[in-house]
$ cat start.pdb   # PDB, C-alpha atoms, pLDDT in the B column
ATOM      1  CA  MET A   1     -53.975 205.657   5.205  1.00 50.00           C
ATOM      2  CA  ALA A   2     -53.365 207.512   1.939  1.00 57.00           C
ATOM      3  CA  LEU A   3     -49.803 208.350   3.004  1.00 53.00           C
ATOM      4  CA  GLU A   4     -49.064 204.680   3.755  1.00 59.00           C
ATOM      5  CA  ALA A   5     -50.404 203.641   0.347  1.00 54.00           C
ATOM      6  CA  LYS A   6     -48.332 206.328  -1.354  1.00 55.00           C
ATOM      7  CA  GLN A   7     -45.186 205.203   0.496  1.00 55.00           C
ATOM      8  CA  ALA A   8     -45.836 201.552  -0.421  1.00 56.00           C
ATOM      9  CA  THR A   9     -46.302 202.514  -4.063  1.00 59.00           C
ATOM     10  CA  SER A  10     -43.116 204.557  -3.970  1.00 71.00           C
ATOM     11  CA  GLN A  11     -41.160 201.672  -2.392  1.00 71.00           C
ATOM     12  CA  ALA A  12     -42.538 199.232  -4.968  1.00 76.00           C
ATOM     13  CA  SER A  13     -41.458 201.601  -7.732  1.00 81.00           C
ATOM     14  CA  VAL A  14     -37.927 201.847  -6.304  1.00 83.00           C
ATOM     15  CA  SER A  15     -37.732 198.056  -5.948  1.00 84.00           C
ATOM     16  CA  GLU A  16     -38.889 197.552  -9.526  1.00 88.00           C
ATOM     17  CA  SER A  17     -36.365 200.105 -10.737  1.00 91.00           C
ATOM     18  CA  ASN A  18     -33.531 198.380  -8.853  1.00 92.00           C
ATOM     19  CA  ARG A  19     -34.524 194.947 -10.227  1.00 91.00           C
ATOM     20  CA  SER A  20     -34.546 196.416 -13.712  1.00 91.00           C
ATOM     21  CA  ARG A  21     -31.143 198.060 -13.230  1.00 94.00           C
ATOM     22  CA  ILE A  22     -29.619 194.777 -12.013  1.00 94.00           C
ATOM     23  CA  LEU A  23     -31.027 192.889 -15.001  1.00 92.00           C
ATOM     24  CA  GLN A  24     -29.770 195.567 -17.390  1.00 92.00           C
ATOM     25  CA  HIS A  25     -26.329 195.392 -15.800  1.00 95.00           C
ATOM     26  CA  LEU A  26     -26.168 191.614 -16.219  1.00 93.00           C
ATOM     27  CA  TYR A  27     -27.472 191.860 -19.775  1.00 91.00           C
ATOM     28  CA  HIS A  28     -24.848 194.418 -20.790  1.00 92.00           C
ATOM     29  CA  HIS A  29     -21.886 193.248 -18.692  1.00 93.00           C
ATOM     30  CA  GLY A  30     -22.359 189.497 -18.434  1.00 91.00           C
ATOM     31  CA  ILE A  31     -21.284 187.483 -15.414  1.00 92.00           C
ATOM     32  CA  SER A  32     -20.826 189.742 -12.400  1.00 93.00           C
ATOM     33  CA  SER A  33     -20.500 189.293  -8.660  1.00 92.00           C
ATOM     34  CA  ARG A  34     -22.936 190.845  -6.225  1.00 92.00           C
ATOM     35  CA  ALA A  35     -20.160 193.221  -5.107  1.00 90.00           C
ATOM     36  CA  GLN A  36     -19.490 194.313  -8.714  1.00 92.00           C
ATOM     37  CA  ILE A  37     -23.177 194.979  -9.259  1.00 94.00           C
ATOM     38  CA  ALA A  38     -23.474 196.905  -5.987  1.00 94.00           C
ATOM     39  CA  LYS A  39     -20.517 199.092  -6.909  1.00 93.00           C
ATOM     40  CA  ALA A  40     -21.663 199.672 -10.491  1.00 95.00           C
ATOM     41  CA  LEU A  41     -25.200 200.586  -9.467  1.00 94.00           C
ATOM     42  CA  ASP A  42     -24.350 202.380  -6.228  1.00 94.00           C
ATOM     43  CA  LEU A  43     -26.591 200.093  -4.184  1.00 93.00           C
ATOM     44  CA  THR A  44     -25.856 198.491  -0.839  1.00 93.00           C
ATOM     45  CA  PRO A  45     -24.629 194.895  -0.753  1.00 90.00           C
ATOM     46  CA  ALA A  46     -27.660 194.025   1.394  1.00 92.00           C
ATOM     47  CA  ALA A  47     -30.029 195.417  -1.239  1.00 92.00           C
ATOM     48  CA  ILE A  48     -28.236 193.474  -3.978  1.00 93.00           C
ATOM     49  CA  THR A  49     -28.364 190.256  -1.963  1.00 93.00           C
ATOM     50  CA  LYS A  50     -32.097 190.659  -1.293  1.00 93.00           C
ATOM     51  CA  ILE A  51     -32.982 191.497  -4.892  1.00 94.00           C
ATOM     52  CA  THR A  52     -30.765 188.850  -6.486  1.00 94.00           C
ATOM     53  CA  ALA A  53     -32.147 186.173  -4.143  1.00 94.00           C
ATOM     54  CA  ARG A  54     -35.635 186.902  -5.474  1.00 93.00           C
ATOM     55  CA  LEU A  55     -34.415 186.933  -9.075  1.00 93.00           C
ATOM     56  CA  ILE A  56     -32.662 183.577  -8.559  1.00 94.00           C
ATOM     57  CA  GLU A  57     -35.818 182.133  -6.986  1.00 93.00           C
ATOM     58  CA  ALA A  58     -37.835 183.344  -9.980  1.00 89.00           C
ATOM     59  CA  GLY A  59     -35.314 181.756 -12.360  1.00 88.00           C
ATOM     60  CA  VAL A  60     -34.434 185.033 -14.065  1.00 89.00           C
ATOM     61  CA  ILE A  61     -30.779 184.919 -13.027  1.00 92.00           C
ATOM     62  CA  GLU A  62     -28.537 182.086 -11.916  1.00 92.00           C
ATOM     63  CA  GLU A  63     -25.312 181.595 -10.035  1.00 92.00           C
ATOM     64  CA  THR A  64     -22.383 180.535 -12.210  1.00 91.00           C
ATOM     65  CA  GLY A  65     -19.912 179.471  -9.544  1.00 83.00           C
ATOM     66  CA  ASP A  66     -16.753 181.050  -8.205  1.00 84.00           C
ATOM     67  CA  ILE A  67     -15.186 184.018  -9.949  1.00 82.00           C
ATOM     68  CA  GLU A  68     -12.274 186.164  -8.880  1.00 75.00           C
ATOM     69  CA  GLY A  69     -13.387 189.200  -6.924  1.00 68.00           C
ATOM     70  CA  SER A  70     -11.529 192.282  -5.810  1.00 66.00           C
ATOM     71  CA  LYS A  71      -8.350 191.795  -3.767  1.00 68.00           C
ATOM     72  CA  ASN A  72      -8.181 188.156  -4.973  1.00 70.00           C
ATOM     73  CA  ARG A  73     -11.287 187.226  -2.985  1.00 72.00           C
ATOM     74  CA  ARG A  74     -13.553 184.631  -4.461  1.00 77.00           C
ATOM     75  CA  SER A  75     -17.072 185.692  -5.334  1.00 84.00           C
ATOM     76  CA  ILE A  76     -20.028 183.900  -6.813  1.00 90.00           C
ATOM     77  CA  GLY A  77     -20.877 185.002 -10.318  1.00 92.00           C
ATOM     78  CA  LEU A  78     -24.395 185.845 -11.411  1.00 94.00           C
ATOM     79  CA  GLU A  79     -25.742 185.876 -14.945  1.00 92.00           C
ATOM     80  CA  LEU A  80     -29.007 186.448 -16.696  1.00 90.00           C
ATOM     81  CA  ASP A  81     -30.690 183.213 -17.755  1.00 89.00           C
ATOM     82  CA  THR A  82     -31.455 184.294 -21.302  1.00 86.00           C
ATOM     83  CA  THR A  83     -32.913 180.971 -22.397  1.00 85.00           C
ATOM     84  CA  ARG A  84     -35.544 180.345 -19.722  1.00 88.00           C
ATOM     85  CA  PHE A  85     -38.005 183.006 -20.830  1.00 90.00           C
ATOM     86  CA  HIS A  86     -39.163 183.899 -24.319  1.00 94.00           C
ATOM     87  CA  ILE A  87     -40.638 186.987 -25.951  1.00 95.00           C
ATOM     88  CA  ILE A  88     -42.936 187.241 -28.958  1.00 97.00           C
ATOM     89  CA  GLY A  89     -42.165 190.033 -31.395  1.00 96.00           C
ATOM     90  CA  VAL A  90     -44.589 191.186 -34.071  1.00 96.00           C
ATOM     91  CA  LYS A  91     -43.261 193.441 -36.842  1.00 94.00           C
ATOM     92  CA  PHE A  92     -45.656 195.451 -38.968  1.00 89.00           C
ATOM     93  CA  ALA A  93     -43.984 196.994 -42.031  1.00 85.00           C
ATOM     94  CA  ARG A  94     -46.627 198.174 -44.454  1.00 82.00           C
ATOM     95  CA  SER A  95     -47.306 194.997 -46.475  1.00 88.00           C
ATOM     96  CA  LEU A  96     -45.039 192.778 -44.360  1.00 92.00           C
ATOM     97  CA  VAL A  97     -45.985 191.228 -41.027  1.00 95.00           C
ATOM     98  CA  GLN A  98     -43.600 188.925 -39.197  1.00 97.00           C
ATOM     99  CA  ILE A  99     -44.105 187.065 -35.936  1.00 98.00           C
ATOM    100  CA  GLY A 100     -41.140 185.657 -34.066  1.00 97.00           C
ATOM    101  CA  VAL A 101     -40.259 184.064 -30.755  1.00 97.00           C
ATOM    102  CA  PHE A 102     -36.991 185.227 -29.212  1.00 96.00           C
ATOM    103  CA  ASP A 103     -34.859 184.476 -26.179  1.00 92.00           C
ATOM    104  CA  LEU A 104     -33.868 187.316 -23.848  1.00 87.00           C
ATOM    105  CA  CYS A 105     -30.728 188.011 -25.910  1.00 85.00           C
ATOM    106  CA  GLY A 106     -32.856 188.620 -28.991  1.00 89.00           C
ATOM    107  CA  ASN A 107     -31.915 185.364 -30.705  1.00 92.00           C
ATOM    108  CA  ALA A 108     -34.729 184.193 -32.972  1.00 95.00           C
ATOM    109  CA  LEU A 109     -36.119 180.822 -31.952  1.00 96.00           C
ATOM    110  CA  SER A 110     -38.726 180.983 -34.707  1.00 96.00           C
ATOM    111  CA  LEU A 111     -39.670 183.552 -37.307  1.00 97.00           C
ATOM    112  CA  GLU A 112     -42.684 183.475 -39.568  1.00 97.00           C
ATOM    113  CA  THR A 113     -43.645 185.853 -42.367  1.00 97.00           C
ATOM    114  CA  LEU A 114     -47.387 186.127 -42.899  1.00 96.00           C
ATOM    115  CA  PRO A 115     -48.852 186.387 -46.404  1.00 95.00           C
ATOM    116  CA  THR A 116     -48.349 189.787 -48.050  1.00 94.00           C
ATOM    117  CA  VAL A 117     -50.789 192.349 -46.676  1.00 92.00           C
ATOM    118  CA  TYR A 118     -52.882 194.584 -48.904  1.00 91.00           C
ATOM    119  CA  ASP A 119     -55.262 197.343 -47.838  1.00 87.00           C
ATOM    120  CA  ASN A 120     -58.210 195.017 -48.386  1.00 91.00           C
ATOM    121  CA  THR A 121     -56.651 192.152 -46.349  1.00 93.00           C
ATOM    122  CA  ILE A 122     -55.646 194.073 -43.202  1.00 91.00           C
ATOM    123  CA  ASP A 123     -58.666 192.854 -41.216  1.00 92.00           C
ATOM    124  CA  ASP A 124     -57.922 189.238 -42.204  1.00 95.00           C
ATOM    125  CA  THR A 125     -54.278 189.722 -41.236  1.00 95.00           C
ATOM    126  CA  VAL A 126     -55.304 190.999 -37.783  1.00 94.00           C
ATOM    127  CA  VAL A 127     -57.381 187.836 -37.294  1.00 96.00           C
ATOM    128  CA  ILE A 128     -54.402 185.680 -38.332  1.00 97.00           C
ATOM    129  CA  ILE A 129     -52.135 187.557 -35.903  1.00 96.00           C
ATOM    130  CA  HIS A 130     -54.545 186.883 -33.032  1.00 96.00           C
ATOM    131  CA  GLN A 131     -54.717 183.203 -33.969  1.00 97.00           C
ATOM    132  CA  ARG A 132     -50.921 182.844 -34.193  1.00 97.00           C
ATOM    133  CA  LEU A 133     -50.354 184.662 -30.900  1.00 96.00           C
ATOM    134  CA  ALA A 134     -52.871 182.419 -29.136  1.00 96.00           C
ATOM    135  CA  GLN A 135     -51.226 179.335 -30.652  1.00 97.00           C
ATOM    136  CA  LEU A 136     -47.704 180.433 -29.674  1.00 97.00           C
ATOM    137  CA  LEU A 137     -48.799 181.244 -26.115  1.00 96.00           C
ATOM    138  CA  THR A 138     -50.386 177.798 -25.821  1.00 96.00           C
ATOM    139  CA  GLU A 139     -47.354 175.988 -27.273  1.00 96.00           C
ATOM    140  CA  ASP A 140     -44.646 177.823 -25.303  1.00 95.00           C
ATOM    141  CA  GLN A 141     -45.314 178.329 -21.593  1.00 93.00           C
ATOM    142  CA  SER A 142     -42.036 180.262 -21.223  1.00 93.00           C
ATOM    143  CA  ILE A 143     -43.347 183.286 -23.165  1.00 94.00           C
ATOM    144  CA  VAL A 144     -43.535 186.232 -20.772  1.00 91.00           C
ATOM    145  CA  ALA A 145     -44.149 189.215 -23.050  1.00 93.00           C
ATOM    146  CA  ILE A 146     -45.256 190.350 -26.474  1.00 94.00           C
ATOM    147  CA  GLY A 147     -43.803 193.388 -28.219  1.00 93.00           C
ATOM    148  CA  MET A 148     -44.914 195.010 -31.430  1.00 92.00           C
ATOM    149  CA  ALA A 149     -43.171 197.290 -33.894  1.00 90.00           C
ATOM    150  CA  VAL A 150     -45.537 199.284 -36.063  1.00 86.00           C
ATOM    151  CA  PRO A 151     -44.890 201.665 -38.949  1.00 79.00           C
ATOM    152  CA  GLY A 152     -44.455 205.200 -37.691  1.00 75.00           C
ATOM    153  CA  PRO A 153     -44.919 207.786 -36.698  1.00 82.00           C
ATOM    154  CA  TYR A 154     -46.959 206.066 -34.009  1.00 83.00           C
ATOM    155  CA  LEU A 155     -49.387 208.070 -31.888  1.00 86.00           C
ATOM    156  CA  ARG A 156     -49.026 206.118 -28.646  1.00 83.00           C
ATOM    157  CA  ASN A 157     -51.764 207.997 -26.781  1.00 87.00           C
ATOM    158  CA  GLU A 158     -54.179 207.195 -29.596  1.00 87.00           C
ATOM    159  CA  GLY A 159     -52.882 203.675 -30.289  1.00 86.00           C
ATOM    160  CA  ARG A 160     -52.550 204.128 -34.027  1.00 83.00           C
ATOM    161  CA  THR A 161     -50.107 205.125 -36.727  1.00 83.00           C
ATOM    162  CA  ALA A 162     -50.242 208.690 -38.032  1.00 80.00           C
ATOM    163  CA  VAL A 163     -48.986 208.183 -41.569  1.00 74.00           C
ATOM    164  CA  VAL A 164     -48.304 205.039 -43.525  1.00 66.00           C
ATOM    165  CA  SER A 165     -47.978 206.279 -47.067  1.00 61.00           C
ATOM    166  CA  SER A 166     -48.439 203.045 -48.985  1.00 69.00           C
ATOM    167  CA  MET A 167     -50.875 201.285 -46.629  1.00 71.00           C
ATOM    168  CA  GLN A 168     -53.490 203.756 -45.424  1.00 76.00           C
ATOM    169  CA  GLY A 169     -55.574 200.898 -44.002  1.00 80.00           C
ATOM    170  CA  TRP A 170     -53.193 200.477 -41.048  1.00 83.00           C
ATOM    171  CA  ARG A 171     -54.258 203.942 -39.853  1.00 82.00           C
ATOM    172  CA  LYS A 172     -57.697 202.523 -39.018  1.00 86.00           C
ATOM    173  CA  ILE A 173     -56.244 199.910 -36.634  1.00 86.00           C
ATOM    174  CA  ASN A 174     -56.047 200.930 -32.986  1.00 88.00           C
ATOM    175  CA  PHE A 175     -53.162 198.709 -31.871  1.00 89.00           C
ATOM    176  CA  ILE A 176     -53.866 199.270 -28.171  1.00 90.00           C
ATOM    177  CA  ASN A 177     -57.541 198.304 -28.425  1.00 90.00           C
ATOM    178  CA  GLU A 178     -56.799 195.483 -30.838  1.00 90.00           C
ATOM    179  CA  PHE A 179     -53.866 193.802 -29.092  1.00 88.00           C
ATOM    180  CA  ALA A 180     -53.553 194.935 -25.463  1.00 85.00           C
ATOM    181  CA  SER A 181     -54.976 192.496 -22.970  1.00 70.00           C
TER
END

$ encode --input "start.pdb" --output "structure tokens"
Amino acid sequence: MALEAKQATSQASVSESNRSRILQHLYHHGISSRAQIAKALDLTPAAITKITARLIEAGVIEETGDIEGSKNRRSIGLELDTTRFHIIGVKFARSLVQIGVFDLCGNALSLETLPTVYDNTIDDTVVIIHQRLAQLLTEDQSIVAIGMAVPGPYLRNEGRTAVVSSMQGWRKINFINEFAS
């Protein structure tokens, strides 16, 4: 039974990797046919068809219509739907905290700068961030992820910054414990 579970986990990992590679290809290269993607990623056409069907069903990619394929054959173009899903980004920069909502191309849909942060207002700022994130998630059902940029160096295994010269208070915040859910 352990071998079957390990094989299933391995297959799931390969599938996730292939989905990610297809999405990266479409992000970087724009409209592409299934055959172009298969060739670029060295995957079988059957694998591409299976994966792209699921991505279309999920609304992550969409068909664009006929495009010219190799040897003057017509193919159906695929592209990433960059407007359907949104991402929240939170930027911590010493005394500056910004919260924005972005489409999948990184275009800002909204951007808000919180009041200037001082060492003695960091805890209040963390509360405000939680409130704003909850509000944005309630208002926009298309948000699928939240990313944060913190002043570095960042000790990812510890969840905190190592050195922030002008705002030592940020070193006390464990970003993983505080914001991961």

$ resolve_selection --input "start.pdb" --expression "the PyMOL selection byres ((chain A and resi 85) around 10)" --output "list of chain:residue names"
A:Gly59, A:Val60, A:Asp81, A:Thr82, A:Thr83, A:Arg84, A:His86, A:Ile87, A:Phe102, A:Asp103, A:Leu104, A:Asp140, A:Gln141, A:Ser142, A:Ile143, A:Val144, A:Ala145

$ residues_near_point --input "start.pdb" --point "(-28.9, 182.7, -7.9)" --cutoff "10 Å" --atoms "only C-alpha atoms" --output "VMD selection string"
chain A and resid 49 52 to 65 76 to 80

$ atom_distance --input "start.pdb" --atom1 "CA of Phe175 (chain A)" --atom2 "CA of Gln24 (chain A)"
27.7 Å

$ closest_residue --input "start.pdb" --among "A:Ser75, A:Ser15, A:Ser95, A:Asn107" --to "Ser33 (chain A)" --atoms "only C-alpha atoms"
A:Ser75

$ residues_around --input "start.pdb" --residues "Arg132 (chain A)" --least-positions-apart "6" --cutoff "10 Å" --atoms "only C-alpha atoms" --output "VMD selection string"
chain A and resid 99 112 114 126 138

$ resolve_selection --input "start.pdb" --expression "the PyMOL selection byres ((chain A and resi 149) around 12)" --output "list in words"
Ile88, Gly89, Val90, Lys91, Phe92, Ala93, Arg94, Leu96, Val97, Gln98, Ile99, Gly100, Ile146, Gly147, Met148, Val150, Pro151, Gly152, Pro153, Tyr154, Arg156, Arg160, Thr161 and Phe175 of chain A

$ resolve_selection --input "start.pdb" --expression "the PyMOL selection byres ((chain A and resi 168-172) around 9)" --output "list in words"
Arg94, Tyr118, Asp119, Asn120, Ile122, Pro151, Arg160, Thr161, Ala162, Val163, Val164, Ser165, Ser166, Met167, Ile173 and Asn174 of chain A

$ atom_distance --input "start.pdb" --atom1 "CA of Lys50 (chain A)" --atom2 "CA of Glu16 (chain A)"
12.7 Å

$ closest_residue --input "start.pdb" --among "A:Leu109, A:Ile31, A:Asp66, A:Arg19" --to "Ala47 (chain A)" --atoms "only C-alpha atoms"
A:Arg19

$ residues_around --input "start.pdb" --residues "region 36-42 of chain A" --least-positions-apart "3" --cutoff "8 Å" --atoms "all atoms listed in the file" --output "short mmCIF file (atom, residue, chain, number, x, y, z; two decimals) with C-alpha atoms, in the frame of the given file"
data_model
loop_
_atom_site.label_atom_id
_atom_site.label_comp_id
_atom_site.auth_asym_id
_atom_site.auth_seq_id
_atom_site.Cartn_x
_atom_site.Cartn_y
_atom_site.Cartn_z
CA ARG A 21 -31.14 198.06 -13.23
CA ILE A 22 -29.62 194.78 -12.01
CA HIS A 25 -26.33 195.39 -15.80
CA SER A 32 -20.83 189.74 -12.40
CA SER A 33 -20.50 189.29 -8.66
CA PRO A 45 -24.63 194.90 -0.75
CA ILE A 48 -28.24 193.47 -3.98
#

$ atom_distance --input "start.pdb" --atom1 "CA of Asn157 (chain A)" --atom2 "CA of Phe179 (chain A)"
14.5 Å

$ axis_aligned_box --input "start.pdb" --around "region 154-169 of chain A" --padding-each-side "4 Å" --output "AutoDock Vina command-line options"
--center_x -51.3 --center_y 204.8 --center_z -37.9 --size_x 16.6 --size_y 15.8 --size_z 30.2

$ residues_near_point --input "start.pdb" --point "(-52.3, 188.0, -24.7)" --cutoff "8 Å" --atoms "only C-alpha atoms" --output "mmCIF file with C-alpha atoms, keeping the file's coordinate frame"
data_model
loop_
_atom_site.group_PDB
_atom_site.id
_atom_site.type_symbol
_atom_site.label_atom_id
_atom_site.label_comp_id
_atom_site.auth_asym_id
_atom_site.auth_seq_id
_atom_site.Cartn_x
_atom_site.Cartn_y
_atom_site.Cartn_z
ATOM 1 C CA LEU A 133 -50.354 184.662 -30.900
ATOM 2 C CA ALA A 134 -52.871 182.419 -29.136
ATOM 3 C CA LEU A 137 -48.799 181.244 -26.115
ATOM 4 C CA ILE A 146 -45.256 190.350 -26.474
ATOM 5 C CA PHE A 179 -53.866 193.802 -29.092
ATOM 6 C CA ALA A 180 -53.553 194.935 -25.463
ATOM 7 C CA SER A 181 -54.976 192.496 -22.970
#

$ closest_residue --input "start.pdb" --among "A:Gly159, A:Tyr27, A:Ile51, A:Ser20" --to "Ile176 (chain A)" --atoms "only C-alpha atoms"
A:Gly159

$ closest_residue --input "start.pdb" --among "A:Thr44, A:Glu178, A:Val14, A:Val101" --to "His130 (chain A)" --atoms "only C-alpha atoms"
A:Glu178

$ decode --input "start.pdb" --residues "region 36-49 of chain A" --atoms "C-alpha atoms" --output "compact mmCIF listing (two decimals), in the first residue's frame"
# COMPACT_ATOMS: atom_id res chain seq x y z
CA GLN A 36 3.42 24.27 -30.18
CA ILE A 37 3.18 23.72 -26.44
CA ALA A 38 3.85 19.98 -26.79
CA LYS A 39 6.94 20.66 -28.89
CA ALA A 40 8.25 23.43 -26.63
CA LEU A 41 7.79 21.40 -23.46
CA ASP A 42 8.68 18.00 -24.90
CA LEU A 43 5.35 16.50 -23.83
CA THR A 44 3.07 14.23 -25.82
CA PRO A 45 0.11 15.74 -27.65
CA ALA A 46 -2.18 13.46 -25.62
CA ALA A 47 -0.76 14.81 -22.36
CA ILE A 48 -1.20 18.40 -23.57
CA THR A 49 -4.78 17.73 -24.64
